[in-house]
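K.L.:
Structure file final.txt (compact mmCIF, C-alpha atoms) right here:
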# COMPACT_ATOMS: atom_id res chain seq x y z
CA MET A 1 21.86 -110.97 47.58
CA ILE A 2 19.98 -109.43 44.70
CA ILE A 3 16.64 -110.02 46.37
CA LYS A 4 17.92 -108.37 49.52
CA ILE A 5 18.90 -105.27 47.65
CA GLY A 6 15.50 -105.22 45.95
CA ASP A 7 13.73 -105.51 49.30
CA TYR A 8 15.82 -102.71 50.65
CA MET A 9 15.02 -100.46 47.72
CA ILE A 10 11.31 -101.15 47.80
CA ASN A 11 10.64 -101.11 51.51
CA LYS A 12 12.87 -98.30 52.67
CA LYS A 13 11.32 -94.83 52.36
CA ALA A 14 13.54 -91.77 52.14
CA VAL A 15 10.81 -89.21 52.92
CA SER A 16 7.17 -89.57 53.79
CA PRO A 17 4.56 -89.03 51.01
CA VAL A 18 3.38 -85.80 52.63
CA ILE A 19 6.88 -84.32 52.72
CA ALA A 20 7.50 -85.53 49.17
CA THR A 21 4.34 -83.81 47.98
CA VAL A 22 5.20 -80.59 49.78
CA LEU A 23 8.72 -80.69 48.35
CA LEU A 24 7.36 -81.33 44.87
CA ILE A 25 4.96 -78.39 45.04
CA VAL A 26 7.61 -76.06 46.50
CA MET A 27 10.12 -77.05 43.84
CA VAL A 28 7.56 -76.60 41.04
CA ILE A 29 6.64 -73.15 42.35
CA ILE A 30 10.29 -72.10 42.67
CA ILE A 31 11.19 -73.38 39.19
CA GLY A 32 8.04 -71.75 37.80
CA LEU A 33 8.99 -68.42 39.38
CA ILE A 34 12.53 -68.63 38.03
CA ILE A 35 11.26 -69.41 34.50
CA PHE A 36 8.64 -66.64 34.77
CA LEU A 37 11.19 -64.03 35.88
CA TRP A 38 13.63 -65.13 33.16
CA PHE A 39 10.97 -65.18 30.45
CA ARG A 40 9.54 -61.82 31.49
CA SER A 41 12.73 -60.08 30.40
CA PHE A 42 11.94 -61.15 26.83
CA ILE A 43 8.48 -59.58 26.87
CA PRO A 44 8.32 -55.81 26.33
CA GLU A 45 6.96 -54.00 29.36
CA GLN A 46 3.34 -53.00 29.22
CA LYS A 47 2.64 -49.31 28.79
CA GLU A 48 -0.82 -47.83 29.12
CA LYS A 49 -2.52 -44.59 28.21
CA PHE A 50 -6.11 -43.74 29.14
CA GLY A 51 -6.37 -47.23 30.70
CA ARG A 52 -5.59 -48.97 27.41
CA ASN A 53 -2.47 -50.31 25.81
CA ILE A 54 -0.54 -47.33 24.50
CA GLU A 55 -0.37 -48.82 21.00
CA LEU A 56 -4.12 -48.31 20.73
CA ALA A 57 -3.72 -44.61 21.62
CA CYS A 58 -1.48 -44.24 18.55
CA THR A 59 -4.55 -44.84 16.37
CA ASP A 60 -6.18 -41.73 17.89
CA VAL A 61 -3.21 -39.45 17.23
CA ALA A 62 -3.98 -36.75 14.66
CA PHE A 63 -1.74 -33.91 13.62
CA GLN A 64 -0.95 -31.64 10.70
CA SER A 65 2.58 -30.88 9.66
CA GLY A 66 4.23 -28.44 7.33
CA TYR A 67 7.70 -27.32 6.40
CA ASP A 68 8.66 -23.95 5.00
CA SER A 69 11.82 -24.57 2.99
CA SER A 70 12.57 -20.86 2.75
CA THR A 71 12.71 -20.35 6.52
CA GLY A 72 13.42 -23.94 7.58
CA ILE A 73 10.56 -23.81 10.07
CA LEU A 74 8.76 -27.07 10.80
CA THR A 75 5.18 -26.61 11.99
CA ILE A 76 3.14 -29.26 13.75
CA SER A 77 -0.44 -28.81 14.88
CA ASN A 78 -1.99 -31.37 17.20
CA THR A 79 -5.53 -31.71 15.83
CA GLY A 80 -6.39 -34.84 17.79
CA THR A 81 -7.24 -35.48 21.41
CA VAL A 82 -4.07 -37.33 22.36
CA PRO A 83 -1.14 -35.20 23.59
CA ILE A 84 2.00 -35.79 21.51
CA TYR A 85 4.85 -36.10 23.98
CA SER A 86 7.57 -35.80 21.36
CA ILE A 87 8.30 -36.72 17.77
CA ASN A 88 10.99 -38.66 15.99
CA LEU A 89 12.20 -37.45 12.63
CA LYS A 90 13.24 -40.27 10.31
CA ILE A 91 15.41 -38.50 7.77
CA ALA A 92 16.22 -40.38 4.56
CA LYS A 93 19.36 -39.22 2.85
CA ASP A 94 21.95 -40.78 0.52
CA ARG A 95 20.18 -44.15 0.42
CA GLY A 96 20.24 -44.41 4.20
CA HIS A 97 18.31 -42.91 7.05
CA THR A 98 18.82 -41.54 10.54
CA THR A 99 16.23 -41.16 13.27
CA THR A 100 16.46 -38.13 15.52
CA SER A 101 14.24 -36.85 18.30
CA ILE A 102 12.93 -33.32 17.79
CA THR A 103 14.25 -32.41 21.25
CA GLU A 104 17.79 -33.06 20.03
CA LEU A 105 17.30 -30.58 17.18
CA ASP A 106 15.20 -27.95 18.90
CA GLY A 107 15.07 -27.17 22.62
CA SER A 108 11.86 -25.20 22.20
CA TRP A 109 9.68 -28.32 21.88
CA PRO A 110 7.17 -28.14 24.78
CA SER A 111 8.61 -30.02 27.74
CA LEU A 112 5.26 -31.64 28.56
CA GLY A 113 4.51 -32.39 24.92
CA LEU A 114 2.16 -30.89 22.38
CA ARG A 115 -1.30 -30.69 23.89
CA GLN A 116 -4.43 -30.98 21.79
CA GLY A 117 -5.08 -27.94 19.60
CA ILE A 118 -1.60 -26.49 20.15
CA LEU A 119 0.78 -25.38 17.41
CA TYR A 120 4.51 -25.88 17.41
CA ASN A 121 6.89 -23.89 15.23
CA SER A 122 10.49 -25.05 15.27
CA ILE A 123 13.67 -23.12 14.93
CA SER A 124 15.20 -23.21 11.46
CA LEU A 125 15.91 -26.83 10.54
CA ASP A 126 17.82 -27.79 7.44
CA PHE A 127 16.19 -30.62 5.51
CA ASP A 128 17.31 -29.35 2.10
CA SER A 129 19.67 -32.22 1.41
CA SER A 130 17.18 -34.82 2.70
CA ASP A 131 15.22 -37.02 0.33
CA GLU A 132 12.38 -37.71 2.73
CA VAL A 133 11.42 -36.82 6.29
CA LEU A 134 8.92 -38.90 8.23
CA ILE A 135 7.38 -37.51 11.42
CA ILE A 136 6.68 -40.26 13.95
CA PRO A 137 4.74 -39.38 17.11
CA ILE A 138 5.93 -40.43 20.58
CA LEU A 139 3.37 -40.77 23.37
CA ALA A 140 3.80 -40.79 27.13
CA GLY A 141 1.86 -43.30 29.14
CA THR A 142 2.14 -45.08 32.45
CA SER A 143 4.47 -47.98 33.01
CA GLU A 144 5.98 -49.97 35.83
CA GLY A 145 9.31 -49.69 34.04
CA GLU A 146 11.61 -46.72 33.83
CA ASP A 147 10.57 -45.44 30.42
CA PRO A 148 6.87 -44.58 30.05
CA THR A 149 7.23 -43.27 26.49
CA HIS A 150 6.21 -45.19 23.39
CA VAL A 151 7.24 -44.55 19.81
CA CYS A 152 4.26 -45.18 17.54
CA ASN A 153 4.67 -47.34 14.46
CA GLU A 154 5.67 -45.62 11.23
CA GLU A 155 2.18 -46.20 9.84
CA TYR A 156 0.98 -43.46 12.22
CA GLY A 157 3.65 -41.06 10.98
CA GLN A 158 3.39 -38.38 8.33
CA GLU A 159 5.75 -37.66 5.48
CA LEU A 160 6.82 -34.05 5.37
CA ASN A 161 6.36 -32.12 2.14
CA LEU A 162 9.86 -30.73 1.56
CA LEU A 163 9.00 -28.74 -1.58
CA MET B 1 7.29 -106.89 38.60
CA ILE B 2 7.38 -105.62 42.13
CA GLN B 3 9.04 -102.38 41.00
CA LYS B 4 6.32 -101.85 38.36
CA LYS B 5 3.61 -102.21 40.95
CA PHE B 6 5.37 -99.69 43.17
CA LEU B 7 5.48 -97.10 40.40
CA PHE B 8 1.81 -97.42 39.47
CA ASP B 9 0.22 -97.77 42.88
CA LYS B 10 1.92 -94.99 44.76
CA LYS B 11 0.14 -91.65 44.54
CA GLY B 12 1.98 -88.33 44.91
CA VAL B 13 -1.10 -86.35 45.93
CA SER B 14 -4.67 -87.40 46.52
CA ILE B 15 -7.19 -87.04 43.69
CA MET B 16 -8.94 -84.22 45.54
CA ILE B 17 -5.73 -82.20 46.01
CA GLY B 18 -4.83 -82.89 42.40
CA TYR B 19 -8.12 -81.39 41.22
CA ILE B 20 -7.77 -78.40 43.55
CA LEU B 21 -4.25 -77.72 42.28
CA LEU B 22 -5.41 -78.04 38.67
CA VAL B 23 -8.30 -75.63 39.16
CA VAL B 24 -6.10 -73.14 41.07
CA PHE B 25 -3.44 -73.22 38.35
CA ILE B 26 -6.01 -72.73 35.60
CA LEU B 27 -7.64 -69.83 37.49
CA ALA B 28 -4.26 -68.15 38.14
CA ILE B 29 -3.21 -68.47 34.50
CA SER B 30 -6.63 -67.23 33.30
CA VAL B 31 -6.48 -64.16 35.55
CA GLY B 32 -2.96 -63.37 34.30
CA ILE B 33 -3.94 -63.68 30.64
CA PHE B 34 -7.14 -61.66 31.19
CA GLN B 35 -5.23 -58.81 32.84
CA TRP B 36 -2.72 -58.80 30.01
CA LEU B 37 -5.24 -58.90 27.17
CA LYS B 38 -7.69 -56.47 28.81
CA SER B 39 -5.51 -53.49 27.91
CA TYR B 40 -5.65 -54.45 24.23
CA VAL B 41 -9.43 -54.14 24.05
CA PRO B 42 -10.28 -50.88 22.29
CA GLY B 43 -12.37 -48.71 24.57
CA GLU B 44 -14.41 -45.61 23.95
CA SER B 45 -12.14 -43.12 22.24
CA PHE B 46 -12.08 -39.49 23.28
CA GLY B 47 -13.44 -36.90 20.93
CA CYS B 48 -16.44 -34.78 20.04
CA PRO B 49 -19.71 -36.17 18.70
CA ASP B 50 -20.33 -36.03 14.96
CA GLY B 51 -22.92 -33.26 15.20
CA VAL B 52 -20.41 -30.59 16.26
CA SER B 53 -20.08 -27.77 13.72
CA LEU B 54 -18.80 -24.22 14.08
CA TYR B 55 -19.19 -22.25 10.87
CA VAL B 56 -17.29 -19.05 10.09
CA ASN B 57 -19.86 -16.71 8.51
CA LYS B 58 -17.45 -14.00 7.60
CA SER B 59 -13.87 -13.17 8.23
CA VAL B 60 -12.40 -9.76 7.38
CA PHE B 61 -8.86 -8.48 7.80
CA ASN B 62 -8.62 -4.71 8.06
CA ILE B 63 -4.98 -4.10 7.17
CA GLY B 64 -5.14 -0.39 8.06
CA GLU B 65 -6.21 -1.12 11.64
CA SER B 66 -4.47 -4.50 11.81
CA GLU B 67 -7.73 -6.00 12.97
CA LEU B 68 -9.22 -9.35 12.06
CA SER B 69 -12.90 -9.91 12.68
CA VAL B 70 -14.37 -13.40 12.63
CA SER B 71 -18.12 -14.08 12.78
CA PHE B 72 -19.25 -17.49 14.00
CA ILE B 73 -22.47 -19.43 13.92
CA ASN B 74 -23.01 -22.69 15.72
CA THR B 75 -24.47 -24.79 12.90
CA GLY B 76 -24.19 -28.04 14.82
CA THR B 77 -26.48 -29.74 17.28
CA PHE B 78 -24.22 -29.45 20.32
CA ASN B 79 -23.20 -26.62 22.61
CA LEU B 80 -19.60 -25.47 22.28
CA ARG B 81 -17.04 -24.19 24.72
CA GLY B 82 -14.84 -22.29 22.29
CA TYR B 83 -12.30 -22.82 19.58
CA TYR B 84 -8.65 -22.81 18.56
CA ILE B 85 -7.81 -20.28 15.86
CA ASN B 86 -4.81 -20.41 13.53
CA ILE B 87 -4.16 -18.51 10.34
CA LYS B 88 -2.48 -19.16 7.02
CA LYS B 89 -0.57 -16.10 5.88
CA GLU B 90 -0.12 -17.27 2.31
CA GLU B 91 -2.06 -19.56 0.03
CA SER B 92 1.05 -21.66 -0.48
CA ASP B 93 1.37 -22.44 3.25
CA ASP B 94 0.97 -26.14 3.99
CA ILE B 95 -0.90 -25.59 7.22
CA ALA B 96 -2.28 -22.72 9.29
CA ALA B 97 0.94 -22.14 11.20
CA THR B 98 0.20 -19.04 13.26
CA ASP B 99 -1.85 -19.13 16.46
CA ILE B 100 -3.60 -15.77 16.97
CA SER B 101 -5.56 -16.57 20.14
CA GLN B 102 -3.28 -14.29 22.17
CA TYR B 103 -4.33 -11.30 20.05
CA LEU B 104 -8.03 -11.47 21.01
CA ASN B 105 -9.47 -8.04 21.74
CA VAL B 106 -11.45 -8.94 24.85
CA THR B 107 -13.09 -5.54 25.23
CA ILE B 108 -15.14 -5.80 22.02
CA SER B 109 -15.46 -9.57 21.62
CA ALA B 110 -18.73 -10.24 23.42
CA GLY B 111 -17.14 -11.47 26.63
CA ALA B 112 -14.89 -14.05 24.99
CA ALA B 113 -11.64 -14.89 26.74
CA GLU B 114 -8.35 -16.51 25.84
CA ILE B 115 -7.64 -19.62 27.89
CA LEU B 116 -4.58 -21.81 27.25
CA ASN B 117 -4.20 -20.88 23.58
CA SER B 118 -7.90 -21.29 22.87
CA ILE B 119 -10.80 -18.85 22.83
CA ALA B 120 -13.73 -19.48 25.17
CA PHE B 121 -17.18 -18.15 24.36
CA ALA B 122 -18.66 -15.89 27.00
CA ASP B 123 -20.46 -17.38 29.95
CA LYS B 124 -24.04 -16.24 29.42
CA GLY B 125 -25.21 -17.49 32.77
CA GLN B 126 -27.55 -20.14 31.43
CA GLU B 127 -27.85 -23.43 33.21
CA ASN B 128 -24.97 -25.30 31.70
CA PRO B 129 -22.89 -27.43 34.06
CA ASN B 130 -20.22 -28.24 31.49
CA ASN B 131 -19.60 -24.60 30.48
CA ASN B 132 -20.30 -25.30 26.82
CA ASN B 133 -21.86 -21.86 26.49
CA PHE B 134 -22.28 -21.38 22.74
CA LEU B 135 -25.63 -22.88 21.86
CA PRO B 136 -26.76 -24.23 18.48
CA GLY B 137 -27.95 -21.41 16.21
CA GLU B 138 -26.19 -18.64 18.13
CA THR B 139 -23.91 -16.14 16.39
CA GLU B 140 -21.00 -14.10 17.70
CA THR B 141 -18.21 -11.92 16.28
CA HIS B 142 -14.73 -11.81 17.77
CA TYR B 143 -11.97 -9.33 17.01
CA PHE B 144 -8.21 -9.85 16.99
CA ASN B 145 -5.52 -7.16 17.08
CA ILE B 146 -3.02 -8.58 14.63
CA PRO B 147 0.60 -7.45 15.06
CA GLU B 148 1.99 -5.28 12.29
CA SER B 149 4.50 -7.97 11.36
CA ILE B 150 1.60 -9.90 9.84
CA THR B 151 0.56 -8.08 6.69
CA THR B 152 -1.44 -10.76 4.90
CA ILE B 153 -3.91 -13.36 6.06
CA TYR B 154 -5.09 -15.90 3.52
CA SER B 155 -7.41 -17.98 5.70
CA VAL B 156 -8.44 -18.81 9.26
CA GLN B 157 -8.63 -22.34 10.57
CA ILE B 158 -11.04 -23.01 13.41
CA THR B 159 -11.07 -26.09 15.62
CA PRO B 160 -14.12 -26.13 17.97
CA THR B 161 -13.67 -27.18 21.59
CA ARG B 162 -16.07 -28.71 24.09
CA PHE B 163 -16.14 -30.09 27.59
CA GLU B 164 -16.93 -33.78 27.13
CA GLU B 165 -18.03 -36.20 29.81
CA THR B 166 -16.30 -39.56 29.52
CA ASP B 167 -16.50 -42.24 32.19
CA GLY B 168 -17.88 -39.69 34.65
CA LYS B 169 -15.00 -37.28 34.09
CA ILE B 170 -15.34 -33.96 32.30
CA THR B 171 -12.45 -33.28 29.95
CA PHE B 172 -11.62 -30.37 27.71
CA THR B 173 -11.70 -31.74 24.18
CA SER B 174 -10.51 -30.43 20.85
CA CYS B 175 -12.93 -31.35 18.07
CA GLY B 176 -10.44 -32.42 15.42
CA ASN B 177 -13.32 -33.96 13.46
CA ALA B 178 -14.92 -30.51 12.95
CA ILE B 179 -12.05 -28.33 11.74
CA THR B 180 -13.12 -25.62 9.31
CA GLU B 181 -11.13 -23.24 7.18
CA GLN B 182 -12.46 -19.97 5.80
CA LEU B 183 -10.82 -17.57 3.36
CA VAL B 184 -10.30 -14.07 4.72
CA GLU B 185 -11.66 -11.08 2.82
What is this file in structure tokens?
P.N.:
Amino acid sequence: MIIKIGDYMINKKAVSPVIATVLLIVMVIIIGLIIFLWFRSFIPEQKEKFGRNIELACTDVAFQSGYDSSTGILTISNTGTVPIYSINLKIAKDRGHTTTSITELDGSWPSLGLRQGILYNSISLDFDSSDEVLIIPILAGTSEGEDPTHVCNEEYGQELNLL
Amino acid sequence: MIQKKFLFDKKGVSIMIGYILLVVFILAISVGIFQWLKSYVPGESFGCPDGVSLYVNKSVFNIGESELSVSFINTGTFNLRGYYINIKKEESDDIAATDISQYLNVTISAGAAEILNSIAFADKGQENPNNNNFLPGETETHYFNIPESITTIYSVQITPTRFEETDGKITFTSCGNAITEQLVE
């Protein structure tokens, strides 16, 4: 009885080797695709500027900044060759900090960003009670995703002289 | 024993197909990784060459006539297109925060023109496909009609500009590596 079962198991073929191979490949491809699509959501989308990763463009950003405490006017001059799309202001106050986009504070920021060589003077902004203000550039690049902008690392920012 | 033999002798795919699949997989993964890493390779950065230099010979503010005159000399080794001009009103100002390009007096400024917040040197008609018209060694004086609201000018800050050719494309470039500042008399 046992031998019979063994014979049955060994000699009977469920699918031919060709079909088994095709099925194997198809299943591997499908599982691979599913894993790829799942894993891709964990990887930040690639953004480019001037044909390079946008993080590299942050190294070319150059600007001067100044703050007149008597008038509250923040001045930024783009002295580099990379347009600054926007800036984030990281404002340290009372042992904490908040990060605000300049466009939330001042509607006069150029809609297409600060081109090279161009000056920006803000409306009166009150930083008097702030301990520290860091200006962090935001660049616009190209991306397959919805948001083509990229906030540069803080190392590319500039601390504002509040005195 | 029979089962063992079955497991070892049966082949899923032939050796040839196995190799082809292996090579195809490796090629596909390599192409994907290459495309991903390619964008991280630093390329040629935009900017002006090191030899660019625009020197302000003299800068005088005539308060009575509200006129600022600025004399330039191209002390570099490259032709220039023009410059951005900003002023510091007070010595204590952090940066030159006032753009005065819009106040250029075009009638007495040797053919200079204001273009997109920058000043362009006059086209002198020489053979110059990139319109960088201000040649090394040349001098020029430009005049600005300063509004009466500005009563003091401490210094002028000049950022030269050029048309640069990069990857076959000509782009207007601000020479941030050649910014100069000159006190106003």
K.L.:
Can you build me a table of stretch 62-112 of chain A residues sitting at most 10 Å from stretch 170-178 of chain B, with the closest atom pair per residue and its distance in Å to one decimal, using all atoms listed in the file, sorted by chain and residue number, as a Markdown table?
P.N.:
| residue | atom | partner | partner_atom | distance |
| --- | --- | --- | --- | --- |
| A:Ala62 | CA | B:Gly176 | CA | 7.8 |
| A:Phe63 | CA | B:Gly176 | CA | 9.0 |
| A:Asn78 | CA | B:Gly176 | CA | 8.7 |
| A:Thr79 | CA | B:Gly176 | CA | 5.0 |
| A:Gly80 | CA | B:Gly176 | CA | 5.3 |
| A:Thr81 | CA | B:Ser174 | CA | 6.0 |
| A:Val82 | CA | B:Ser174 | CA | 9.6 |
K.L.:
So, with all atoms listed in the file as the atoms that count, which of A:Ile138, A:Leu163, A:Ile84, A:Val151 lies closest to chain B?
P.N.:
A:Leu163
K.L.:
Looking at A:Ser65, A:Ser77, A:Asn153, A:Thr21, which one is nearest to A:Val133, with distances taken over only C-alpha atoms?
P.N.:
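Of A:Ser65, A:Ser77, A:Asn153, A:Thr21, the one nearest A:Val133, counting only C-alpha atoms, is A:Ser65.
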K.L.:
Where does chain A meet chain B within 10 Å, residue by residue, with the nearest atom pair and distance in Å to one decimal for each, counting only C-alpha atoms, listed by chain and rising number, as a tab-separated table?
P.N.:
residue	atom	partner	partner_atom	distance
A:Gly6	CA	B:Gln3	CA	8.6
A:Asp7	CA	B:Ile2	CA	9.6
A:Met9	CA	B:Gln3	CA	9.2
A:Ile10	CA	B:Gln3	CA	7.3
A:Asn11	CA	B:Phe6	CA	10.0
A:Pro17	CA	B:Gly12	CA	6.7
A:Val18	CA	B:Val13	CA	8.1
A:Ala20	CA	B:Gly12	CA	7.5
A:Thr21	CA	B:Gly12	CA	6.0
A:Val22	CA	B:Val13	CA	9.4
A:Leu24	CA	B:Gly12	CA	8.8
A:Ile25	CA	B:Leu21	CA	9.6
A:Gln46	CA	B:Trp36	CA	8.4
A:Lys47	CA	B:Ser39	CA	9.2
A:Glu48	CA	B:Ser39	CA	7.4
A:Lys49	CA	B:Ser39	CA	9.4
A:Phe50	CA	B:Ser45	CA	9.2
A:Gly51	CA	B:Ser39	CA	6.9
A:Arg52	CA	B:Ser39	CA	4.5
A:Asn53	CA	B:Ser39	CA	4.9
A:Ile54	CA	B:Ser39	CA	8.6
A:Glu55	CA	B:Tyr40	CA	8.4
A:Leu56	CA	B:Pro42	CA	6.9
A:Ala57	CA	B:Ser45	CA	8.6
A:Thr59	CA	B:Ser45	CA	9.7
A:Asp60	CA	B:Ser45	CA	7.5
A:Ala62	CA	B:Gly176	CA	7.8
A:Phe63	CA	B:Gly176	CA	9.0
A:Gln64	CA	B:Ile95	CA	7.0
A:Ser65	CA	B:Ile95	CA	6.8
A:Gly66	CA	B:Asp94	CA	5.2
A:Tyr67	CA	B:Asp94	CA	7.2
A:Asp68	CA	B:Asp93	CA	7.6
A:Ile73	CA	B:Ala97	CA	9.8
A:Leu74	CA	B:Ala97	CA	9.3
A:Thr75	CA	B:Ala97	CA	6.2
A:Ile76	CA	B:Ala97	CA	7.9
A:Ser77	CA	B:Ala97	CA	7.7
A:Asn78	CA	B:Gly176	CA	8.7
A:Thr79	CA	B:Gly176	CA	5.0
A:Gly80	CA	B:Gly176	CA	5.3
A:Thr81	CA	B:Ser174	CA	6.0
A:Val82	CA	B:Phe46	CA	8.3
A:Arg115	CA	B:Ser174	CA	9.7
A:Gln116	CA	B:Ser174	CA	6.2
A:Gly117	CA	B:Ser174	CA	6.1
A:Ile118	CA	B:Asn117	CA	7.1
A:Leu119	CA	B:Asp99	CA	6.8
A:Tyr120	CA	B:Ala97	CA	8.1
A:Asn121	CA	B:Ala97	CA	7.4
A:Leu160	CA	B:Asp94	CA	9.9
A:Asn161	CA	B:Asp94	CA	8.3
K.L.:
So, with all atoms listed in the file as the atoms that count, which of A:Ile19, A:Leu33, A:Leu112, A:Leu162 lies closest to A:Tyr85?
P.N.:
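Looking only at the distances to A:Tyr85, the closest residue turns out to be A:Leu112.
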K.L.:
Could you check how far atom CA of B:Glu148 sits from atom CA of B:Val70, in Å to one decimal?
P.N.:
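Atom CA of B:Val70 lies 18.3 Å from atom CA of B:Glu148.
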K.L.:
Work out how far apart atom CA of A:Glu155 and atom CA of A:Thr103 are and give it in Å to one decimal.
P.N.:
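Straight-line distance from atom CA of A:Glu155 to atom CA of A:Thr103 works out to 21.6 Å.
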K.L.:
How far is it from atom CA of B:Leu135 to atom CA of B:Leu54, in Å with one decimal?
P.N.:
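A separation of 10.4 Å between them.
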K.L.:
Rank B:Thr180, B:Thr75, B:Asn131, B:Asn105 by their smallest atom-to-atom distance to B:Glu164, using all atoms listed in the file, and report the top residue only.
P.N.:
B:Asn131
K.L.:
Excluding same-chain residues fewer than 3 positions from A:Leu134, what lies within 8 Å of it counting all atoms listed in the file, as a list of chain:residue names?
P.N.:
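Listed by chain and then number, they are A:Leu89, A:Lys90, A:Ile91, A:Gly157, A:Gln158, A:Glu159, A:Leu160.
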K.L.:
Around the point (5.9, -34.6, 16.9) (coordinates from the file), which residues reach within 6 Å if we count all atoms listed in the file? Answer as an MDAnalysis selection string.
P.N.:
chainID A and resid 86:87 137
K.L.:
I'd like the neighbourhood of B:Tyr103 as a list in words, where a residue qualifies if any of its atoms comes within 12 Å (using all atoms listed in the file), though same-chain residues fewer than 4 positions away should be ignored.
P.N.:
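Selected residues are Ser66, Glu67, Leu68, Ser69, Ile85, Asn86, Thr98, Asp99, Thr107, Ser109, Ala112, Ala113, Glu114, Ile115, Asn117, Ser118, Ile119, His142, Tyr143, Phe144, Asn145, Ile146, Pro147, Glu148 and Ile150 of chain B.
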K.L.:
Okay, now the selection with C-alpha atoms, as a short mmCIF file (atom, residue, chain, number, x, y, z; two decimals), in the frame of the given file?
P.N.:
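Okay, out-v1.cif is ready:
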data_model
loop_
_atom_site.label_atom_id
_atom_site.label_comp_id
_atom_site.auth_asym_id
_atom_site.auth_seq_id
_atom_site.Cartn_x
_atom_site.Cartn_y
_atom_site.Cartn_z
CA SER B 66 -4.47 -4.50 11.81
CA GLU B 67 -7.73 -6.00 12.97
CA LEU B 68 -9.22 -9.35 12.06
CA SER B 69 -12.90 -9.91 12.68
CA ILE B 85 -7.81 -20.28 15.86
CA ASN B 86 -4.81 -20.41 13.53
CA THR B 98 0.20 -19.04 13.26
CA ASP B 99 -1.85 -19.13 16.46
CA THR B 107 -13.09 -5.54 25.23
CA SER B 109 -15.46 -9.57 21.62
CA ALA B 112 -14.89 -14.05 24.99
CA ALA B 113 -11.64 -14.89 26.74
CA GLU B 114 -8.35 -16.51 25.84
CA ILE B 115 -7.64 -19.62 27.89
CA ASN B 117 -4.20 -20.88 23.58
CA SER B 118 -7.90 -21.29 22.87
CA ILE B 119 -10.80 -18.85 22.83
CA HIS B 142 -14.73 -11.81 17.77
CA TYR B 143 -11.97 -9.33 17.01
CA PHE B 144 -8.21 -9.85 16.99
CA ASN B 145 -5.52 -7.16 17.08
CA ILE B 146 -3.02 -8.58 14.63
CA PRO B 147 0.60 -7.45 15.06
CA GLU B 148 1.99 -5.28 12.29
CA ILE B 150 1.60 -9.90 9.84
#
